[in-house]
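S.K.: Compact mmCIF, C-alpha atoms and all ligand atoms, saved as data35.txt, coming up:
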# COMPACT_ATOMS: atom_id res chain seq x y z
CA MET Y 129 126.44 51.14 137.02
CA VAL Y 130 125.29 47.68 137.94
CA ARG Y 131 128.19 45.48 138.84
CA PRO Y 132 128.17 41.79 139.51
CA HIS Y 133 128.57 42.05 143.25
CA ARG Y 134 128.85 38.41 143.91
CA LEU Y 135 132.43 38.02 142.85
CA ASN Y 136 133.56 41.12 144.68
CA ASP Y 137 131.85 40.01 147.83
CA LEU Y 138 133.55 36.71 147.48
CA ALA Y 139 136.96 38.29 147.47
CA GLU Y 140 136.29 39.88 150.86
CA ARG Y 141 134.71 36.96 152.65
CA PRO Y 142 136.61 33.69 153.14
CA LEU Y 143 133.84 31.39 151.96
CA PRO Y 144 134.55 27.64 152.07
CA VAL Y 145 133.56 27.54 148.41
CA PRO Y 146 136.20 27.88 145.69
CA PRO Y 147 135.50 30.96 143.53
CA GLU Y 148 135.18 29.01 140.28
CA VAL Y 149 132.15 27.21 141.70
CA LEU Y 150 130.30 30.52 141.73
CA ARG Y 151 131.26 31.51 138.21
CA ARG Y 152 128.96 29.23 136.36
CA GLY Y 153 126.98 31.68 134.26
CA PRO Y 154 123.43 30.43 134.16
CA PHE Y 155 123.97 28.26 137.23
CA ARG Y 156 123.72 29.55 140.76
CA ALA Y 157 126.15 28.86 143.50
CA GLY Y 158 125.09 25.63 145.12
CA ALA Y 159 123.93 24.05 141.86
CA PHE Y 160 126.63 21.44 142.40
CA PRO Y 161 126.60 21.03 146.14
CA SER Y 162 128.87 18.04 146.64
CA ALA Y 163 131.86 19.00 148.76
CA LEU Y 164 133.49 15.78 147.62
CA ARG Y 165 134.55 17.28 144.32
CA SER Y 166 138.10 18.49 144.54
CA LYS Y 167 141.20 18.72 142.40
CA ARG Y 168 142.75 16.06 144.59
CA LEU Y 169 139.89 13.62 143.96
CA THR Y 170 139.96 14.35 140.23
CA SER Y 171 143.75 13.95 140.14
CA GLN Y 172 143.60 10.60 141.90
CA LEU Y 173 140.83 9.25 139.68
CA GLY Y 174 142.72 10.66 136.71
CA LEU Y 175 145.86 8.78 137.70
CA TRP Y 176 144.01 5.46 137.89
CA LEU Y 177 142.14 6.15 134.69
CA GLY Y 178 145.35 7.17 132.93
CA VAL Y 179 147.05 3.92 133.97
CA ALA Y 180 144.06 1.83 132.84
CA PHE Y 181 143.83 3.68 129.50
CA GLY Y 182 147.57 3.40 128.97
CA ILE Y 183 147.62 -0.38 129.50
CA CYS Y 184 144.47 -0.80 127.42
CA PHE Y 185 146.02 1.27 124.61
CA VAL Y 186 149.33 -0.63 124.50
CA THR Y 187 147.71 -4.08 124.59
CA GLY Y 188 145.18 -2.95 121.96
CA VAL Y 189 147.90 -1.68 119.63
CA ILE Y 190 149.76 -4.98 120.04
CA SER Y 191 146.62 -6.88 119.05
CA HIS Y 192 146.14 -4.61 116.05
CA PHE Y 193 149.67 -5.11 114.77
CA ILE Y 194 149.51 -8.90 115.17
CA GLN Y 195 146.47 -8.83 112.92
CA HIS Y 196 147.84 -6.22 110.51
CA PRO Y 197 151.60 -6.67 110.63
CA GLY Y 198 153.75 -3.97 109.09
CA GLY Y 199 157.20 -4.94 107.86
CA TRP Y 200 158.81 -3.86 111.15
CA PHE Y 201 156.47 -5.66 113.53
CA TRP Y 202 157.48 -9.04 114.89
CA TRP Y 203 155.41 -11.15 117.24
CA PRO Y 204 156.88 -14.39 118.60
CA ALA Y 205 155.21 -17.82 118.31
CA GLY Y 206 155.66 -18.26 122.06
CA PRO Y 207 155.13 -18.33 124.93
CA ILE Y 208 151.82 -19.83 123.89
CA TRP Y 209 149.85 -17.88 126.53
CA LEU Y 210 151.23 -14.41 125.78
CA TYR Y 211 148.42 -13.15 123.53
CA ARG Y 212 145.87 -14.70 125.84
CA VAL Y 213 147.31 -12.51 128.62
CA THR Y 214 147.74 -9.29 126.62
CA GLN Y 215 144.23 -9.47 125.17
CA GLY Y 216 142.69 -10.57 128.49
CA VAL Y 217 144.37 -7.52 130.07
CA HIS Y 218 143.14 -5.30 127.20
CA VAL Y 219 139.51 -6.21 127.77
CA ALA Y 220 139.81 -6.27 131.58
CA THR Y 221 141.42 -2.80 131.76
CA GLY Y 222 138.86 -1.52 129.26
CA LEU Y 223 136.08 -2.73 131.53
CA THR Y 224 137.64 -1.09 134.62
CA THR Y 225 137.44 2.26 132.85
CA VAL Y 226 133.61 2.15 133.06
CA PRO Y 227 133.39 3.07 136.78
CA LEU Y 228 136.64 5.07 136.67
CA LEU Y 229 135.48 7.21 133.77
CA GLY Y 230 132.05 7.65 135.36
CA ALA Y 231 133.54 8.86 138.64
CA LYS Y 232 136.09 11.08 136.92
CA LEU Y 233 133.47 12.77 134.75
CA TRP Y 234 131.21 13.23 137.77
CA SER Y 235 134.05 14.92 139.62
CA VAL Y 236 134.58 17.54 136.92
CA TYR Y 237 131.32 17.93 135.03
CA PRO Y 238 130.33 21.22 136.77
CA ASN Y 239 133.26 22.70 134.81
CA LEU Y 240 131.13 22.21 131.71
CA PHE Y 241 129.21 25.29 132.81
CA THR Y 242 132.22 27.50 133.44
CA TRP Y 243 131.41 31.08 132.53
CA PRO Y 244 132.50 32.60 130.25
CA PRO Y 245 132.96 29.41 128.21
CA ALA Y 246 136.41 30.49 127.08
CA ARG Y 247 138.55 33.19 128.59
CA THR Y 248 141.42 33.10 126.11
CA VAL Y 249 142.28 31.30 122.89
CA ALA Y 250 144.50 28.92 124.86
CA HIS Y 251 141.63 28.19 127.21
CA ALA Y 252 139.33 27.50 124.24
CA VAL Y 253 141.88 25.10 122.74
CA GLU Y 254 142.29 23.32 126.06
CA ARG Y 255 138.55 22.90 126.46
CA ALA Y 256 138.24 21.63 122.89
CA SER Y 257 140.95 19.03 123.54
CA ILE Y 258 139.05 17.87 126.64
CA ALA Y 259 135.87 17.57 124.56
CA VAL Y 260 137.78 15.37 122.10
CA LEU Y 261 139.22 13.30 124.93
CA VAL Y 262 135.85 12.72 126.60
CA ALA Y 263 134.14 11.89 123.31
CA ALA Y 264 136.93 9.51 122.23
CA ALA Y 265 137.06 7.80 125.64
CA MET Y 266 133.30 7.27 125.72
CA PHE Y 267 133.38 5.98 122.13
CA GLN Y 268 136.11 3.45 123.00
CA VAL Y 269 134.36 2.17 126.09
CA THR Y 270 130.98 1.94 124.35
CA THR Y 271 132.19 0.27 121.16
CA GLY Y 272 134.41 -2.10 123.17
CA LEU Y 273 131.42 -3.15 125.28
CA LEU Y 274 129.22 -3.57 122.21
CA ASN Y 275 131.89 -5.70 120.57
CA ILE Y 276 132.35 -8.09 123.48
CA ALA Y 277 128.55 -8.34 123.63
CA ARG Y 278 128.65 -9.04 119.85
CA TRP Y 279 125.91 -6.45 119.34
CA TYR Y 280 126.76 -4.73 116.08
CA THR Y 281 123.41 -3.09 115.27
CA PRO Y 282 124.28 0.19 117.02
CA MET Y 283 127.61 0.32 115.15
CA PRO Y 284 127.00 1.30 111.52
CA PHE Y 285 130.76 1.31 110.94
CA PHE Y 286 133.47 -1.36 110.95
CA PHE Y 287 134.25 -1.81 114.63
CA THR Y 288 137.91 -2.77 114.34
CA THR Y 289 138.98 0.22 112.25
CA ALA Y 290 136.90 2.74 114.20
CA HIS Y 291 138.13 1.41 117.56
CA TYR Y 292 141.75 1.52 116.39
CA VAL Y 293 141.67 5.02 114.89
CA THR Y 294 139.81 6.44 117.90
CA ALA Y 295 142.40 4.85 120.23
CA TRP Y 296 145.06 7.10 118.74
CA ILE Y 297 142.81 10.16 119.00
CA ALA Y 298 142.07 9.31 122.64
CA ILE Y 299 145.69 8.71 123.60
CA GLY Y 300 146.80 11.91 121.82
CA ALA Y 301 144.15 13.99 123.57
CA LEU Y 302 145.04 12.27 126.86
CA LEU Y 303 148.71 13.19 126.52
CA ILE Y 304 147.80 16.82 125.79
CA HIS Y 305 145.43 16.84 128.76
CA VAL Y 306 148.05 15.41 131.13
CA ALA Y 307 150.68 17.87 129.86
CA VAL Y 308 148.34 20.85 130.38
CA GLN Y 309 147.18 19.66 133.81
CA LEU Y 310 150.57 18.45 135.04
CA PRO Y 311 151.12 21.34 137.49
CA VAL Y 312 147.63 20.80 138.96
CA ILE Y 313 148.09 17.03 139.11
CA ARG Y 314 151.48 17.39 140.78
CA THR Y 315 150.25 19.80 143.42
CA HIS Y 316 147.12 17.88 144.29
CA LEU Y 317 148.47 14.35 144.18
CA GLY Y 318 151.21 15.27 146.60
CA LYS Y 319 148.95 17.13 148.99
CA PRO Y 320 147.77 15.17 152.01
CA VAL Y 321 144.71 17.27 152.91
CA ASP Y 322 142.44 19.19 150.59
CA PRO Y 323 141.92 22.64 152.07
CA VAL Y 324 138.56 23.42 150.44
CA ALA Y 325 136.78 20.12 150.32
CA VAL Y 326 136.77 18.47 153.68
CA PRO Y 327 133.28 17.04 153.98
CA THR Y 328 131.85 17.26 157.42
CA GLY Y 329 129.65 14.19 157.15
CA GLY Y 330 128.54 11.49 154.76
CA LEU Y 331 130.83 10.05 152.14
CA THR Y 332 134.48 11.04 152.39
CA ARG Y 333 136.89 11.30 149.49
CA ARG Y 334 138.54 8.08 150.64
CA GLY Y 335 135.12 6.47 150.90
CA LEU Y 336 134.31 7.50 147.35
CA LEU Y 337 137.65 6.25 146.03
CA GLY Y 338 137.06 3.01 147.92
CA ALA Y 339 133.64 2.65 146.30
CA VAL Y 340 135.10 3.23 142.84
CA ALA Y 341 137.86 0.70 143.55
CA ALA Y 342 135.27 -1.80 144.75
CA GLY Y 343 133.23 -1.17 141.59
CA THR Y 344 136.22 -1.90 139.34
CA GLY Y 345 136.99 -4.97 141.48
CA VAL Y 346 133.47 -6.36 141.14
CA ILE Y 347 133.42 -5.76 137.38
CA THR Y 348 136.80 -7.44 137.00
CA VAL Y 349 135.90 -10.50 139.09
CA ALA Y 350 132.52 -10.80 137.35
CA THR Y 351 134.04 -10.79 133.84
CA VAL Y 352 137.64 -12.01 133.93
CA GLY Y 353 136.46 -15.61 134.38
CA GLN Y 354 135.97 -15.59 130.61
CA THR Y 355 139.72 -15.97 130.35
CA VAL Y 356 140.91 -16.90 133.88
CA THR Y 357 139.31 -20.33 134.04
CA PRO Y 358 139.22 -20.78 137.87
CA LEU Y 359 137.07 -17.64 138.08
CA SER Y 360 134.56 -18.76 135.46
CA PRO Y 361 131.91 -19.81 138.06
CA VAL Y 362 131.62 -16.18 139.22
CA SER Y 363 131.84 -14.71 135.72
CA VAL Y 364 128.22 -13.56 135.82
CA LEU Y 365 128.82 -10.50 133.60
CA GLY Y 366 131.27 -12.16 131.20
CA PRO Y 367 129.59 -12.75 127.85
CA ARG Y 368 131.42 -16.08 127.44
CA ARG Y 369 132.36 -19.03 129.61
CA PRO Y 370 135.54 -20.91 128.73
CA ASP Y 371 133.67 -24.25 128.78
CA GLN Y 372 130.42 -23.45 126.98
CA GLY Y 373 129.87 -24.94 123.54
CA PRO Y 374 130.55 -28.29 121.87
CA GLN Y 375 133.69 -30.15 122.99
CA GLY Y 376 133.94 -27.83 125.99
CA LEU Y 377 134.95 -24.85 123.88
CA PRO Y 378 132.97 -21.67 123.03
CA VAL Y 379 131.92 -21.04 119.43
CA ASN Y 380 132.24 -17.62 117.90
CA LYS Y 381 130.79 -18.31 114.47
CA SER Y 382 128.75 -21.45 113.87
CA ALA Y 383 129.04 -23.51 110.70
CA GLN Y 384 125.48 -22.56 109.87
CA GLY Y 385 126.15 -18.86 110.51
CA ALA Y 386 129.17 -19.04 108.22
CA GLY Y 387 127.12 -20.74 105.50
CA VAL Y 388 129.48 -23.74 105.26
CA LEU Y 389 127.22 -26.59 106.43
CA THR Y 390 127.00 -28.23 103.00
CA ALA Y 391 130.59 -27.66 101.92
CA ALA Y 392 132.06 -28.78 105.26
CA THR Y 393 130.12 -32.05 105.37
CA ASP Y 394 130.52 -32.87 101.67
CA PRO Y 395 132.32 -36.26 101.29
CA ALA Y 396 133.99 -34.74 98.21
CA TYR Y 397 135.82 -32.23 100.45
CA ARG Y 398 139.47 -31.87 99.49
CA LEU Y 399 142.07 -29.56 100.96
CA ARG Y 400 143.92 -27.68 98.23
CA LEU Y 401 147.62 -27.36 99.06
CA ILE Y 402 149.30 -24.88 96.73
CA GLY Y 403 153.05 -24.25 96.64
CA PRO Y 404 156.21 -24.33 94.53
CA ALA Y 405 155.66 -28.10 94.09
CA GLY Y 406 152.32 -27.42 92.41
CA THR Y 407 148.78 -28.02 93.63
CA ARG Y 408 147.79 -31.08 95.61
CA THR Y 409 144.36 -32.10 96.78
CA LEU Y 410 144.12 -33.97 100.06
CA SER Y 411 141.07 -35.68 101.49
CA ARG Y 412 140.51 -35.78 105.22
CA ASP Y 413 141.72 -39.38 105.17
CA ASP Y 414 144.90 -38.29 103.38
CA LEU Y 415 145.47 -35.76 106.14
CA MET Y 416 144.77 -38.39 108.81
CA ALA Y 417 147.36 -40.64 107.16
CA MET Y 418 150.09 -38.03 107.64
CA PRO Y 419 152.04 -37.92 110.94
CA GLN Y 420 149.67 -36.66 113.64
CA HIS Y 421 150.75 -34.37 116.46
CA THR Y 422 148.96 -33.22 119.59
CA ALA Y 423 149.20 -29.81 121.26
CA ARG Y 424 147.41 -28.17 124.16
CA LEU Y 425 146.74 -24.63 123.01
CA PRO Y 426 144.29 -21.85 123.86
CA ILE Y 427 141.93 -20.05 121.56
CA ALA Y 428 142.25 -16.44 122.67
CA CYS Y 429 139.51 -14.35 121.12
CA VAL Y 430 140.04 -10.62 120.63
CA GLU Y 431 136.80 -10.19 122.57
CA GLY Y 432 138.62 -11.22 125.74
CA TRP Y 433 137.51 -14.81 126.25
CA SER Y 434 139.89 -17.69 125.95
CA ALA Y 435 139.81 -21.44 126.41
CA THR Y 436 142.33 -24.25 126.14
CA ALA Y 437 141.80 -27.50 124.26
CA THR Y 438 143.85 -30.52 123.25
CA TRP Y 439 144.22 -30.47 119.49
CA THR Y 440 145.46 -33.18 117.14
CA GLY Y 441 146.34 -32.80 113.50
CA VAL Y 442 149.05 -32.24 110.90
CA ARG Y 443 151.90 -29.82 111.48
CA ILE Y 444 151.69 -26.76 109.25
CA ARG Y 445 155.42 -27.10 108.57
CA ASP Y 446 154.89 -30.67 107.28
CA LEU Y 447 152.29 -29.29 104.87
CA ALA Y 448 154.70 -26.53 103.85
CA ARG Y 449 157.35 -29.17 103.10
CA LEU Y 450 154.84 -31.19 101.12
CA ALA Y 451 154.04 -28.05 99.12
CA GLY Y 452 157.70 -27.71 98.25
CA VAL Y 453 159.15 -25.25 100.80
CA THR Y 454 161.75 -26.72 103.15
CA GLY Y 455 163.24 -23.53 104.62
CA GLY Y 456 161.35 -20.51 105.95
CA ALA Y 457 157.78 -20.49 104.68
CA GLN Y 458 154.90 -18.04 104.75
CA VAL Y 459 151.43 -19.56 104.63
CA THR Y 460 148.04 -18.13 103.65
CA VAL Y 461 144.97 -20.04 104.76
CA GLU Y 462 141.54 -19.74 103.15
CA SER Y 463 138.26 -21.02 104.53
CA LEU Y 464 135.30 -22.66 102.85
CA GLN Y 465 133.47 -19.62 104.22
CA GLN Y 466 132.93 -17.06 101.48
CA GLY Y 467 132.76 -13.28 101.69
CA SER Y 468 134.02 -12.84 105.25
CA GLN Y 469 137.20 -11.08 106.28
CA TYR Y 470 137.59 -13.81 108.90
CA GLY Y 471 137.73 -16.45 106.18
CA THR Y 472 141.45 -16.01 105.58
CA SER Y 473 144.60 -15.63 107.67
CA GLU Y 474 148.38 -15.52 107.43
CA LEU Y 475 150.93 -17.63 109.27
CA PRO Y 476 154.29 -15.82 109.45
CA PRO Y 477 157.50 -17.91 109.18
CA ASP Y 478 157.97 -18.23 112.96
CA GLN Y 479 154.52 -19.76 113.31
CA VAL Y 480 154.88 -22.04 110.31
CA ALA Y 481 158.15 -23.37 111.75
CA ASP Y 482 156.65 -23.93 115.21
CA PRO Y 483 156.02 -27.62 115.99
CA LEU Y 484 152.82 -26.61 117.82
CA ALA Y 485 151.23 -24.97 114.75
CA LEU Y 486 148.68 -27.47 113.44
CA LEU Y 487 146.05 -27.99 110.86
CA ALA Y 488 143.82 -29.53 113.52
CA LEU Y 489 141.52 -32.43 112.74
CA ALA Y 490 140.47 -33.40 116.26
CA ILE Y 491 139.81 -32.11 119.78
CA ASP Y 492 140.43 -34.53 122.65
CA GLY Y 493 140.85 -37.33 120.13
CA GLN Y 494 137.39 -36.74 118.62
CA PRO Y 495 136.84 -35.31 115.13
CA LEU Y 496 136.40 -31.53 115.28
CA ALA Y 497 132.80 -30.44 115.85
CA LEU Y 498 131.38 -28.73 112.76
CA ASP Y 499 131.21 -25.48 114.71
CA HIS Y 500 134.89 -25.75 115.62
CA GLY Y 501 135.97 -26.02 112.01
CA TYR Y 502 135.40 -29.57 110.71
CA PRO Y 503 136.91 -30.93 108.49
CA ALA Y 504 140.11 -29.00 109.38
CA ARG Y 505 141.09 -25.76 111.10
CA VAL Y 506 144.20 -23.80 112.00
CA ILE Y 507 145.41 -23.79 115.58
CA ALA Y 508 148.76 -22.15 116.28
CA PRO Y 509 150.43 -20.75 119.40
CA ASN Y 510 150.28 -17.17 120.67
CA ARG Y 511 147.86 -15.89 118.08
CA PRO Y 512 144.51 -14.05 118.17
CA GLY Y 513 141.50 -16.37 117.90
CA VAL Y 514 140.37 -14.50 114.83
CA LEU Y 515 143.39 -15.89 112.95
CA GLN Y 516 142.61 -19.52 113.91
CA THR Y 517 140.74 -20.07 110.66
CA LYS Y 518 138.01 -22.72 110.65
CA TRP Y 519 136.77 -24.95 107.79
CA VAL Y 520 140.07 -24.65 105.89
CA ALA Y 521 139.70 -25.10 102.12
CA THR Y 522 143.05 -23.90 100.77
CA ILE Y 523 146.60 -23.55 102.07
CA ARG Y 524 149.03 -21.51 99.99
CA VAL Y 525 152.73 -21.84 100.79
CA ARG Y 526 155.53 -19.62 99.57
CA THR Y 527 159.18 -19.19 100.47
CA ALA Y 528 159.59 -16.51 103.12
N1 LIG Y 601 136.28 -19.25 108.81
C1 LIG Y 601 136.21 -18.65 110.01
N2 LIG Y 601 137.12 -18.98 110.95
C2 LIG Y 601 137.07 -18.39 112.17
C3 LIG Y 601 136.09 -17.41 112.48
C4 LIG Y 601 135.15 -17.08 111.47
O1 LIG Y 601 134.25 -16.25 111.67
N3 LIG Y 601 135.24 -17.72 110.25
N4 LIG Y 601 136.08 -16.82 113.73
C5 LIG Y 601 137.38 -16.77 114.41
C6 LIG Y 601 137.29 -16.27 115.75
S1 LIG Y 601 136.93 -14.63 115.94
C7 LIG Y 601 137.59 -17.05 116.84
S2 LIG Y 601 137.69 -16.38 118.39
C8 LIG Y 601 137.82 -18.49 116.70
C9 LIG Y 601 136.90 -19.23 117.64
O2 LIG Y 601 137.02 -20.60 117.44
P1 LIG Y 601 135.90 -21.55 118.00
O3 LIG Y 601 134.58 -21.04 117.48
O4 LIG Y 601 136.23 -22.92 117.54
O5 LIG Y 601 135.99 -21.44 119.49
O6 LIG Y 601 137.60 -18.94 115.39
C10 LIG Y 601 138.12 -18.10 114.38
N5 LIG Y 601 138.00 -18.75 113.10
MO MO Y 602 137.41 -14.07 118.04
Would you mind writing the structure in this file as structure tokens?

M.R.:
Amino acid sequence: MVRPHRLNDLAERPLPVPPEVLRRGPFRAGAFPSALRSKRLTSQLGLWLGVAFGICFVTGVISHFIQHPGGWFWWPAGPIWLYRVTQGVHVATGLTTVPLLGAKLWSVYPNLFTWPPARTVAHAVERASIAVLVAAAMFQVTTGLLNIARWYTPMPFFFTTAHYVTAWIAIGALLIHVAVQLPVIRTHLGKPVDPVAVPTGGLTRRGLLGAVAAGTGVITVATVGQTVTPLSPVSVLGPRRPDQGPQGLPVNKSAQGAGVLTAATDPAYRLRLIGPAGTRTLSRDDLMAMPQHTARLPIACVEGWSATATWTGVRIRDLARLAGVTGGAQVTVESLQQGSQYGTSELPPDQVADPLALLALAIDGQPLALDHGYPARVIAPNRPGVLQTKWVATIRVRTA
């Protein structure tokens, strides 16, 4: 009888190679020569990656619920910088997962060739859950990157929904993975020296971890300037600068791109204000004749960039009063822009009541640039940029 000697031999001789490395089916021992791979390395990278994914998940879910509020979800109108921070952290932690995920997958990918592929049903289920986790994690990182680069061609699906649904799949698979691996993680995170993988020369485990940390540091410094203004000069990888664009503010959708050039510059423009008091039409001059208020507020785009400007215009709550609602009011805003899901937004009662929530007519005392929403746009505190509707055509007010 021909027996696979190799494994038996292994049992006798104390080789410095863990047995699973030799059990790779089609692959020979030595196919994956790096002595750097170890459970300790994988556990440490996994810890960092888990923290980054966890923060990215929570901040992402917050952003989702602000944009799609259920009855139970409440998001305050202040502090004004809160969403800017949570979404900046969402994109920044998402970007740090690029080197972390790369290093983590490198540290374990020889396991792909484990032979036999599944020893037991439980083993098969565990491997399947890892496949789901890896696929979901790569999908999140890739679609997130494509979205901040505003490159939608490779995404034949609606980014927001796909990114949100996959986030839950990823976090579910991650929790299963951590639960299954907890004994391994515990043992190897607590252990000071790895008995099998002590490299004799070249890169050490600490050196590798240092390189990964440096990689995440460089990526962070080279992108976070899109929202941390003092770092904008070194934001060489950030797709946006806080100060690029007319009036020192980036533009996400131009007036031409939105197809509103004619309507927005038409002298016959009138804002329609609809409420319990009926429908009113207000020209830009009518709006300018109302009490004007100034607020310094950021636009905080879901894509991770943000920029502050000094806005002047009419308080939303003054418009709500004019429309016939004096107490709590809920407001729906509609843009001149047709056929876009970004053409409409809701202001919940807390935002309507906030003195900083404006229908802005000017930036730095100058009429809004067309690309920033002329003749009038919403600007309200602590709110995703996507809800700061430009080229406002209609405001509907109802009692909250
Ligand atoms: N009508 C309309 N308003 C809009 C958008 C849009 O596409 N259409 N984009 C939103 C997004 S995603 C952002 S981040 C802000 C950006 O405002 P800015 O272009 O003036 O900087 O406008 C918001 N308002
Ligand atoms: Mo945005």

S.K.: Would you work out the distance separating CA of Ile402 in chain Y from CA of Met418 in chain Y, expressed in Å to one decimal?

M.R.: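 Separation of CA of Ile402 in chain Y and CA of Met418 in chain Y: 17.1 Å.
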
S.K.: How would you report the residues lying within 7 Å of ligand LIG 601 (chain Y), as a list in words, if you count only C-alpha atoms and all ligand atoms?

M.R.: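 Counting only what the definition allows, namely only C-alpha atoms and all ligand atoms, the set is Leu377, Pro378, Val379, Asn380, Lys381, Ser382, Ala386, Ile427, Ala428, Cys429, Val430, Ser463, Leu464, Gln465, Tyr470, Gly471, Thr472, Asp499, His500, Gly501, Gly513, Val514, Leu515, Gln516, Thr517, Lys518 and Trp519 of chain Y.
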
S.K.: Just how far from CA of Pro204 in chain Y is CA of Arg449 in chain Y, in Å to one decimal?

M.R.: 21.4 Å

S.K.: Env of Leu210 in chain Y: 9 Å cut, atoms = only C-alpha atoms, seq-sep filter 5 positions within chain, self excluded. Answer as a list of chain:residue names.

M.R.: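 Here the qualifying residues turn out to be Y:Gln215, Y:Asn510, Y:Arg511.
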
S.K.: Report, in Å to a single decimal, how far apart CA of Leu175 in chain Y and CA of Pro227 in chain Y are.

M.R.: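 Atom-to-atom, CA of Pro227 in chain Y to CA of Leu175 in chain Y, that is 13.7 Å.
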